[in-house]
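Notes follow once the structure below has been shown.
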Amino acid sequence: MAADQQRMRVAVLGAGLIGIDLVDKIRRSAKLELALVAGRDRDSLGLLRAADMGHPTTAGGIGAMVEAGPFDVVFDATNADSHADHWAALRPTGTTLIDLTPTGMGTVIVPGVNAHRSTTHRHLNLVSCGGQAAIPVLHAIAKRCTPTYIEVVSTGASASAGRATRLNLDQYIDTTSAAIRTFTGTRDVKVMVNLSPARPARPFRVAMTVLADGIRPAPVRTSIAAAAQAVRAYTPGFKVTSLAVGPGRISVTVEVSASGGRLPRHAGSVDIINAAAVLLAEQSAATSP
């Protein structure tokens with residue numbers, strides 16, 4: 001079978017900043033074929049851009065997407081409040097739904113930690129951009145010591161936070177906190193989010209503080225370096241910018257700069273979650289008969 005015949009038919013639901021970057025990433029994939037971009041406003045910049053790039057579009061939202069399907073994979077880049085309805089509509093069609101909203105629904109996947117689970121589930125949850133940046137590092141730390149308290153502060157540029165992101169901040173915090181507890185076994189977790197209006201805009205930054213028992217500096221540093229390398233395999237702009245390991249306390253900061261495509265450098269928050277989503281879809285394509 002020719003390579004183009006093996007491509008999976010995928011669709012993007014949502015035409016905001018996240019949705020349009022997904023379109024760009026899917027266009028560069030050798031394993032995915034973008035069959036539809038669905039929004040709710042026919043005059044939205046996102047739908048107009050997708051149409052200009054030659055992709056089928058609709059302003060009919062989830063209803064039009066179901067009628068146009070089925071699709072192998074659908075990326076939900078809308079908002080947390082709508083996602084449950086989207087899953088209810090798509091579930092009977094047999095599609096795999098990748099949730100980029102902070103609902104906490106579905107099987108939680110962080111590619112740097114448990115990407116293998118994505119091939120056996122059809123409803124995948126990507127936590128949040130902050131979760132995708134922090135959890136690989138925190139999971140690596142938790143393998144080397146026993147955290148008793150974890151604090152995560154994500155700072156993103158205001159320019160890279162769309163309307164849905166701003167509306168879903170409470171869900172973002174709740175979902176990210178729950179995922180950190182799951183992946184680290186730590187009950188006491190605090191998550192905070194800052195949207196910075198600074199000009200020029202700075203890259204997406206996630207600062208983590210871990211209080212823990214049984215810290216051994218050398219193994220902790222080695223595990224964090226390995227986790228960062230795993231994330232860079234699909235998000236090249238990910239890097240650890242500071243790390244301090246002392247008795248009872250670990251402080252680590254990562255930055256994510258968008259690289260390639262149409263995103264500005266400061267939009268690393270969009271880049272990391274979208275790169276994770278496309279990676280999962282490509283893995284699904286690789287394991288399909």
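A note on labels: chains of the structure tokens are A, B, ... as shown, every chain counts residues from 1, and ligands are counted from 1 in their shown order.
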Quiz item: What lies within 12 Å of A:Gly214 using only C-alpha atoms, ignoring chain neighbours under 3 positions off, as a ChimeraX atom specification?
Solution: /A:141-148,211,217,219-220,245-250
Practice problem: Write out as a PyMOL selection string all residues of stretch 85-187 of chain A that backbone DSSP assigns to helix (DSSP H, G or I). | Solution: chain A and resi 85-93+111-120+129-142+158-160+163-167+169-184
Practice problem: Name all residues at most 12 Å from A:Ile20 (count only C-alpha atoms; drop same-chain ones fewer than 4 positions away) and give them as a count of residues only. | Solution: 38
Might you pull out every residue within 10 Å of A:Ala233, with only C-alpha atoms counted and same-chain residues fewer than 5 positions away left off, and present them as a short mmCIF file (atom, residue, chain, number, x, y, z; two decimals) with N, CA and C atoms, in the first residue's frame?
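See around17.cif below for the written result:
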```cif
data_model
loop_
_atom_site.label_atom_id
_atom_site.label_comp_id
_atom_site.auth_asym_id
_atom_site.auth_seq_id
_atom_site.Cartn_x
_atom_site.Cartn_y
_atom_site.Cartn_z
N GLY A 112 5.97 11.93 27.37
CA GLY A 112 7.25 11.65 27.96
C GLY A 112 7.21 10.65 29.10
N ALA A 228 13.99 15.45 30.30
CA ALA A 228 14.05 16.58 29.38
C ALA A 228 14.41 16.13 27.97
N PHE A 238 12.05 22.62 24.35
CA PHE A 238 11.96 22.36 25.78
C PHE A 238 13.36 22.31 26.39
#
```
Exercise. Excluding stretch 170-174 of chain A and residues on its chain fewer than 4 positions from it, collect all residues at most 7 Å away from it, counting only C-alpha atoms, and give them as a PyMOL selection string.
Key: chain A and resi 102-103+128+178+191-192
Export of prior selection with all heavy atoms as a PDB file, in the first residue's frame:
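What ended up in selection.pdb:
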```pdb
ATOM      1  N   PRO A 102      -8.772  21.286  29.294  1.00  0.00           N
ATOM      2  CA  PRO A 102      -8.475  20.763  30.638  1.00  0.00           C
ATOM      3  C   PRO A 102      -9.688  20.182  31.359  1.00  0.00           C
ATOM      4  O   PRO A 102     -10.076  20.621  32.431  1.00  0.00           O
ATOM      5  CB  PRO A 102      -7.935  21.997  31.365  1.00  0.00           C
ATOM      6  CG  PRO A 102      -8.671  23.135  30.742  1.00  0.00           C
ATOM      7  CD  PRO A 102      -8.832  22.768  29.290  1.00  0.00           C
ATOM      8  N   THR A 103     -10.284  19.135  30.771  1.00  0.00           N
ATOM      9  CA  THR A 103     -11.477  18.557  31.384  1.00  0.00           C
ATOM     10  C   THR A 103     -11.161  17.502  32.436  1.00  0.00           C
ATOM     11  O   THR A 103     -11.955  17.264  33.341  1.00  0.00           O
ATOM     12  CB  THR A 103     -12.349  17.866  30.322  1.00  0.00           C
ATOM     13  OG1 THR A 103     -11.592  16.800  29.741  1.00  0.00           O
ATOM     14  CG2 THR A 103     -12.774  18.840  29.244  1.00  0.00           C
ATOM     15  N   SER A 128      -2.983  19.655  30.310  1.00  0.00           N
ATOM     16  CA  SER A 128      -2.850  21.087  30.061  1.00  0.00           C
ATOM     17  C   SER A 128      -1.448  21.321  29.535  1.00  0.00           C
ATOM     18  O   SER A 128      -0.586  20.438  29.608  1.00  0.00           O
ATOM     19  CB  SER A 128      -3.068  21.889  31.347  1.00  0.00           C
ATOM     20  OG  SER A 128      -2.039  21.597  32.294  1.00  0.00           O
ATOM     21  N   ALA A 178      -4.623  17.364  39.678  1.00  0.00           N
ATOM     22  CA  ALA A 178      -5.005  15.962  39.778  1.00  0.00           C
ATOM     23  C   ALA A 178      -4.022  15.071  39.035  1.00  0.00           C
ATOM     24  O   ALA A 178      -3.645  13.984  39.511  1.00  0.00           O
ATOM     25  CB  ALA A 178      -6.415  15.765  39.225  1.00  0.00           C
ATOM     26  N   VAL A 191      -0.965  24.340  42.282  1.00  0.00           N
ATOM     27  CA  VAL A 191      -0.703  24.776  40.911  1.00  0.00           C
ATOM     28  C   VAL A 191      -1.176  26.217  40.762  1.00  0.00           C
ATOM     29  O   VAL A 191      -2.289  26.561  41.173  1.00  0.00           O
ATOM     30  CB  VAL A 191      -1.425  23.875  39.884  1.00  0.00           C
ATOM     31  CG1 VAL A 191      -1.308  24.450  38.475  1.00  0.00           C
ATOM     32  CG2 VAL A 191      -0.853  22.459  39.926  1.00  0.00           C
ATOM     33  N   MET A 192      -0.341  27.037  40.184  1.00  0.00           N
ATOM     34  CA  MET A 192      -0.684  28.436  39.924  1.00  0.00           C
ATOM     35  C   MET A 192      -0.384  28.786  38.471  1.00  0.00           C
ATOM     36  O   MET A 192       0.497  28.188  37.853  1.00  0.00           O
ATOM     37  CB  MET A 192       0.095  29.364  40.861  1.00  0.00           C
ATOM     38  CG  MET A 192      -0.329  29.261  42.316  1.00  0.00           C
ATOM     39  SD  MET A 192       0.761  30.183  43.430  1.00  0.00           S
ATOM     40  CE  MET A 192       2.099  28.985  43.610  1.00  0.00           C
TER      41      MET A 192
END
```
Self-check item: Selection: 9 Å around A:Met105, only C-alpha atoms, excl. self and same-chain fewer than 5 positions, as a VMD selection string
Solution: chain A and resid 83 to 84 99 123 to 125 127
Output of the above residues as a JSON list (two decimals), in the first residue's frame, restricted to all heavy atoms:
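Ended up saving to selection_13.json:
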```
[["chain", "number", "residue", "atom", "x", "y", "z"],
["A", 83, "HIS", "N", -16.51, 19.91, 25.92],
["A", 83, "HIS", "CA", -15.88, 18.65, 25.53],
["A", 83, "HIS", "C", -16.75, 17.42, 25.80],
["A", 83, "HIS", "O", -16.77, 16.48, 24.99],
["A", 83, "HIS", "CB", -14.53, 18.48, 26.23],
["A", 83, "HIS", "CG", -13.86, 17.19, 25.88],
["A", 83, "HIS", "ND1", -13.24, 16.98, 24.66],
["A", 83, "HIS", "CD2", -13.76, 16.02, 26.57],
["A", 83, "HIS", "CE1", -12.78, 15.75, 24.62],
["A", 83, "HIS", "NE2", -13.06, 15.14, 25.75],
["A", 84, "ALA", "N", -17.45, 17.39, 26.91],
["A", 84, "ALA", "CA", -18.29, 16.22, 27.22],
["A", 84, "ALA", "C", -19.31, 15.98, 26.11],
["A", 84, "ALA", "O", -19.55, 14.83, 25.71],
["A", 84, "ALA", "CB", -18.98, 16.40, 28.57],
["A", 99, "ASP", "N", -8.20, 15.10, 23.53],
["A", 99, "ASP", "CA", -8.73, 16.27, 24.22],
["A", 99, "ASP", "C", -7.59, 17.21, 24.61],
["A", 99, "ASP", "O", -6.77, 16.88, 25.45],
["A", 99, "ASP", "CB", -9.51, 15.80, 25.46],
["A", 99, "ASP", "CG", -10.10, 16.96, 26.25],
["A", 99, "ASP", "OD1", -10.16, 18.08, 25.72],
["A", 99, "ASP", "OD2", -10.53, 16.72, 27.40],
["A", 123, "HIS", "N", -10.27, 7.69, 24.05],
["A", 123, "HIS", "CA", -10.56, 9.03, 24.60],
["A", 123, "HIS", "C", -9.35, 9.45, 25.42],
["A", 123, "HIS", "O", -9.15, 8.99, 26.54],
["A", 123, "HIS", "CB", -11.82, 8.97, 25.47],
["A", 123, "HIS", "CG", -12.31, 10.31, 25.91],
["A", 123, "HIS", "ND1", -13.27, 10.47, 26.89],
["A", 123, "HIS", "CD2", -11.97, 11.58, 25.52],
["A", 123, "HIS", "CE1", -13.50, 11.75, 27.06],
["A", 123, "HIS", "NE2", -12.72, 12.45, 26.25],
["A", 124, "LEU", "N", -8.52, 10.32, 24.82],
["A", 124, "LEU", "CA", -7.24, 10.67, 25.41],
["A", 124, "LEU", "C", -7.27, 12.11, 25.92],
["A", 124, "LEU", "O", -7.76, 13.01, 25.23],
["A", 124, "LEU", "CB", -6.12, 10.52, 24.38],
["A", 124, "LEU", "CG", -6.06, 9.18, 23.64],
["A", 124, "LEU", "CD1", -4.91, 9.18, 22.64],
["A", 124, "LEU", "CD2", -5.94, 8.02, 24.61],
["A", 125, "ASN", "N", -6.71, 12.32, 27.10],
["A", 125, "ASN", "CA", -6.70, 13.64, 27.73],
["A", 125, "ASN", "C", -5.27, 14.11, 27.91],
["A", 125, "ASN", "O", -4.43, 13.38, 28.47],
["A", 125, "ASN", "CB", -7.41, 13.56, 29.09],
["A", 125, "ASN", "CG", -7.36, 14.88, 29.82],
["A", 125, "ASN", "OD1", -6.44, 15.14, 30.57],
["A", 125, "ASN", "ND2", -8.35, 15.72, 29.60],
["A", 127, "VAL", "N", -4.22, 16.79, 29.66],
["A", 127, "VAL", "CA", -4.08, 17.56, 30.90],
["A", 127, "VAL", "C", -4.14, 19.05, 30.61],
["A", 127, "VAL", "O", -5.19, 19.68, 30.69],
["A", 127, "VAL", "CB", -2.77, 17.22, 31.65],
["A", 127, "VAL", "CG1", -2.77, 17.88, 33.03],
["A", 127, "VAL", "CG2", -2.57, 15.72, 31.78]]
```
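Among the candidate residues A:Ala59, A:Ile180, A:Val152, A:Ala212, the one lying nearest to A:Ile135 is A:Ile180, with distances computed using only C-alpha atoms.
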